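*Asks:* Structure provided below as structure tokens; questions to follow.
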Amino acid sequence: MPFIAIRGVDHYYYWVTDAGSDLSQPSGKPVLVFLHGWAGSTRYWQSTAQALSPQFDCLLYDLRGFGQSKLPRPIPGEVATLGYELDSYADDLAQLLDRLNLKRIYLNAHSTGSSIATLFTTRYPERVERTILTCHGIFDYDETAFKTFHQFGRYVVSFRPDWLAKLPGVDRMFMARFLRQPIPGSARRAFLQDFLTADFEAAMGTIYTAVSEQASIEMPQEYAKLTVPTLLISGEYDKIIPVELGEKAAALSDRVEHVVIPNTAHFPMLEDPVTYLRIVQQFLQLPVGSVERQG
């Protein structure tokens, strides 16, 4: 397994190219980097990356504290002081690209990963060709609602027994709130496993930073600063980040194109991959039909 040390944490990464999933080497095409959402990993992006690999070398990696990018135990002071602010994850990405000698990239991010991608794009616009944000938006600060969300989040993250994954049908129940259409069982099980094994500190830390008063102030400002062409994709029935939050975000910049995929929720890339890939293909200015032929 390929790992690269970034600020004291071994980050798991790999390449998906048109030659297959290579663990260490790109082929020389433009690079498309994928960022996953809260408590997930790169695994749910793999089918999308494979479909786009004829045109791009796709770089997938697990964010600090998630997937296979485990925090070292005991957590060293240098790692603890990084904290879990989303801009610190954007700095992780910058250092990862430096280590891999990647000067300019395309970005495709999902949910909380889209916050990180937005922050990276506004901080390093010279390094980003185009950015895709899937299931993202901006929200108004509500102290009572946020406090309740944080309390519930702590309970959910604290109660993650290993035996939970062995219960029949638990993956369907776990993913029900996130979906409008069914997705492959392997993807449901992988997401549940990633949730169960995410480091507590990272899972809780990003809950507090992604859904916070600071984020409600900061993200509208970041959208307004975007200078890179950006595509924002919403799922019509997304209960986690409703369409109207995406509409509010897109209205802040003429660099943002907002598209709603019908009959999908929080994972449109898995619920309706054909439509999702067609929209992404058009935005990335690929030849018409090139993705479908490879999908």
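Letters A, B, ... go to the chains of the structure tokens in the order shown; residues in each chain start at 1; ligands are counted from 1 in the same order.
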Taking the DSSP assignment computed from this structure's backbone, write out as a ChimeraX atom specification all residues of stretch 187-259 of chain A that belong to strand (DSSP E or B).

*Replies:* /A:230-235,256-259

*Asks:* Would you put the residues from that selection into a file with C-alpha atoms, as a CSV table (one decimal), in the first residue's frame?

*Replies:*
chain,number,residue,atom,x,y,z
A,230,THR,CA,-16.4,25.7,-10.5
A,231,LEU,CA,-19.2,23.2,-10.9
A,232,LEU,CA,-21.6,22.7,-8.0
A,233,ILE,CA,-23.7,19.5,-8.2
A,234,SER,CA,-26.7,19.0,-5.9
A,235,GLY,CA,-28.9,16.0,-5.5
A,256,VAL,CA,-20.0,28.8,-10.1
A,257,GLU,CA,-22.3,26.7,-12.3
A,258,HIS,CA,-25.0,24.9,-10.3
A,259,VAL,CA,-26.7,21.8,-11.6

*Asks:* Can you pull out the residues contacting A:Gln68? Cut-off 9 Å, using only C-alpha atoms, and skip same-chain residues under 4 positions away; I want them as a compact mmCIF listing (two decimals) with N, CA and C atoms, in the first residue's frame.

*Replies:*
# COMPACT_ATOMS: atom_id res chain seq x y z
N ASP A 10 0.75 9.39 8.12
CA ASP A 10 0.91 8.63 6.88
C ASP A 10 -0.42 8.64 6.13
N HIS A 11 -0.43 9.29 4.98
CA HIS A 11 -1.64 9.40 4.17
C HIS A 11 -1.66 8.31 3.10
N TYR A 12 -2.76 7.59 3.05
CA TYR A 12 -2.95 6.55 2.03
C TYR A 12 -3.40 7.21 0.73
N TYR A 13 -2.75 6.82 -0.38
CA TYR A 13 -3.14 7.36 -1.68
C TYR A 13 -2.87 6.33 -2.75
N SER A 41 -14.07 7.53 2.78
CA SER A 41 -12.73 7.29 2.26
C SER A 41 -12.78 7.40 0.75
N TYR A 61 -7.01 9.90 -2.31
CA TYR A 61 -6.32 9.76 -1.03
C TYR A 61 -7.31 9.93 0.11
N ASP A 62 -6.97 9.32 1.24
CA ASP A 62 -7.81 9.41 2.43
C ASP A 62 -7.37 10.60 3.29
N LEU A 63 -8.33 11.42 3.69
CA LEU A 63 -8.04 12.57 4.52
C LEU A 63 -7.51 12.14 5.89
N ARG A 64 -6.77 13.02 6.51
CA ARG A 64 -6.17 12.75 7.81
C ARG A 64 -7.21 12.29 8.84
N ASP A 194 -16.02 2.40 6.86
CA ASP A 194 -15.20 3.62 7.01
C ASP A 194 -15.68 4.45 8.20
N THR A 197 -14.56 2.89 11.52
CA THR A 197 -13.12 2.88 11.80
C THR A 197 -12.47 4.26 11.76
N ALA A 198 -13.24 5.31 11.44
CA ALA A 198 -12.65 6.66 11.43
C ALA A 198 -12.14 7.02 12.82

*Asks:* Of the candidates A:Thr17, A:Ser27, A:Ser114, A:Thr134, which shows the shortest atom-to-atom distance to A:Phe267, using only C-alpha atoms?

*Replies:*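 Nearest to A:Phe267: A:Thr134.
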
*Asks:* Using only C-alpha atoms, which residue out of A:Phe174, A:Phe3, A:Phe159, A:Trp45 lies closest to A:Arg99?

*Replies:*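 That would be A:Phe3, the residue with the smallest distance to A:Arg99.
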
*Asks:* DSSP on the backbone, then: every residue of stretch 18-169 of chain A marked helix (DSSP H, G or I), written as an mmCIF file with C-alpha atoms, in the first residue's frame.

*Replies:*
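Output saved as out_19.cif:
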data_model
loop_
_atom_site.group_PDB
_atom_site.id
_atom_site.type_symbol
_atom_site.label_atom_id
_atom_site.label_comp_id
_atom_site.auth_asym_id
_atom_site.auth_seq_id
_atom_site.Cartn_x
_atom_site.Cartn_y
_atom_site.Cartn_z
ATOM 1 C CA THR A 42 -11.570 7.297 -1.333
ATOM 2 C CA ARG A 43 -13.325 3.975 -1.924
ATOM 3 C CA TYR A 44 -16.668 5.447 -2.957
ATOM 4 C CA TRP A 45 -14.948 7.609 -5.601
ATOM 5 C CA GLN A 46 -13.249 4.698 -7.348
ATOM 6 C CA SER A 47 -15.943 3.973 -9.964
ATOM 7 C CA THR A 48 -16.082 7.667 -10.936
ATOM 8 C CA ALA A 49 -12.298 7.804 -11.189
ATOM 9 C CA GLN A 50 -12.233 4.694 -13.363
ATOM 10 C CA ALA A 51 -14.788 6.219 -15.734
ATOM 11 C CA LEU A 52 -12.700 9.405 -16.086
ATOM 12 C CA GLY A 77 1.982 16.800 19.906
ATOM 13 C CA GLU A 78 2.844 18.013 16.399
ATOM 14 C CA VAL A 79 -0.183 16.171 15.004
ATOM 15 C CA ALA A 80 -2.540 17.226 17.794
ATOM 16 C CA LEU A 86 -10.969 22.553 7.326
ATOM 17 C CA ASP A 87 -8.248 24.937 6.151
ATOM 18 C CA SER A 88 -5.704 22.646 7.844
ATOM 19 C CA TYR A 89 -6.930 19.867 5.563
ATOM 20 C CA ALA A 90 -6.482 22.212 2.593
ATOM 21 C CA ASP A 91 -2.876 22.678 3.755
ATOM 22 C CA ASP A 92 -2.519 18.874 3.886
ATOM 23 C CA LEU A 93 -3.558 18.735 0.231
ATOM 24 C CA ALA A 94 -1.060 21.431 -0.728
ATOM 25 C CA GLN A 95 1.763 19.489 0.908
ATOM 26 C CA LEU A 96 0.625 16.231 -0.684
ATOM 27 C CA LEU A 97 0.774 17.831 -4.125
ATOM 28 C CA ASP A 98 4.201 19.264 -3.362
ATOM 29 C CA ARG A 99 5.505 15.853 -2.326
ATOM 30 C CA THR A 112 -17.241 18.089 3.687
ATOM 31 C CA GLY A 113 -14.481 17.446 1.175
ATOM 32 C CA SER A 114 -16.065 20.194 -0.929
ATOM 33 C CA SER A 115 -15.444 22.693 1.876
ATOM 34 C CA ILE A 116 -11.794 21.672 1.839
ATOM 35 C CA ALA A 117 -11.684 21.925 -1.959
ATOM 36 C CA THR A 118 -13.251 25.419 -1.878
ATOM 37 C CA LEU A 119 -10.688 26.604 0.657
ATOM 38 C CA PHE A 120 -7.848 25.082 -1.363
ATOM 39 C CA THR A 121 -9.125 26.653 -4.591
ATOM 40 C CA THR A 122 -9.339 30.168 -3.119
ATOM 41 C CA ARG A 123 -5.924 29.858 -1.444
ATOM 42 C CA PRO A 125 -6.030 29.362 -7.545
ATOM 43 C CA GLU A 126 -2.862 29.103 -9.611
ATOM 44 C CA ARG A 127 -2.760 25.375 -8.843
ATOM 45 C CA GLU A 143 -26.926 28.211 17.684
ATOM 46 C CA THR A 144 -29.599 25.862 19.013
ATOM 47 C CA ALA A 145 -29.668 23.654 15.912
ATOM 48 C CA PHE A 146 -25.878 23.474 15.748
ATOM 49 C CA LYS A 147 -25.578 22.594 19.418
ATOM 50 C CA THR A 148 -28.131 19.812 19.010
ATOM 51 C CA PHE A 149 -26.309 18.543 15.928
ATOM 52 C CA HIS A 150 -22.983 18.466 17.771
ATOM 53 C CA GLN A 151 -24.488 16.610 20.727
ATOM 54 C CA PHE A 152 -26.081 14.038 18.445
ATOM 55 C CA GLY A 153 -22.850 13.744 16.459
ATOM 56 C CA ARG A 154 -20.856 13.002 19.610
ATOM 57 C CA TYR A 155 -23.314 10.283 20.562
ATOM 58 C CA VAL A 156 -23.175 8.695 17.097
ATOM 59 C CA VAL A 157 -19.375 8.817 16.892
ATOM 60 C CA SER A 158 -18.985 7.516 20.449
ATOM 61 C CA ASP A 162 -17.357 -3.441 15.818
ATOM 62 C CA TRP A 163 -20.288 -5.868 15.894
ATOM 63 C CA LEU A 164 -22.578 -3.267 14.315
ATOM 64 C CA ALA A 165 -21.265 -4.076 10.845
ATOM 65 C CA LYS A 166 -22.238 -7.740 11.298
#

*Asks:* For A:Ile261, find every residue with an atom within 12 Å (counting only C-alpha atoms), except residues of its own chain fewer than 5 positions away, and show them as a VMD selection string.

*Replies:* chain A and resid 134 to 135 180 to 181 232 to 238 243 266 to 280

*Asks:* Please identify all polymer residues within 8 Å of A:Arg130, counting only C-alpha atoms, omitting same-chain residues fewer than 3 positions from it, and present them as a list of chain:residue names.

*Replies:* A:Ile105, A:Tyr106, A:Leu107, A:Val228, A:Pro229, A:Thr230, A:Leu284

*Asks:* Would you export the selected residues with C-alpha atoms as a PDB file, in the first residue's frame, please?

*Replies:*
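Output file result06.pdb is given in full below:
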ATOM      1  CA  ILE A 105      -4.636  19.910 -10.923  1.00  0.00           C
ATOM      2  CA  TYR A 106      -8.362  19.468 -11.373  1.00  0.00           C
ATOM      3  CA  LEU A 107     -10.427  18.858  -8.208  1.00  0.00           C
ATOM      4  CA  VAL A 228     -11.522  29.270 -10.899  1.00  0.00           C
ATOM      5  CA  PRO A 229     -14.355  27.757 -13.003  1.00  0.00           C
ATOM      6  CA  THR A 230     -16.402  25.725 -10.530  1.00  0.00           C
ATOM      7  CA  LEU A 284     -14.347  19.319 -17.927  1.00  0.00           C
TER       8      LEU A 284
END
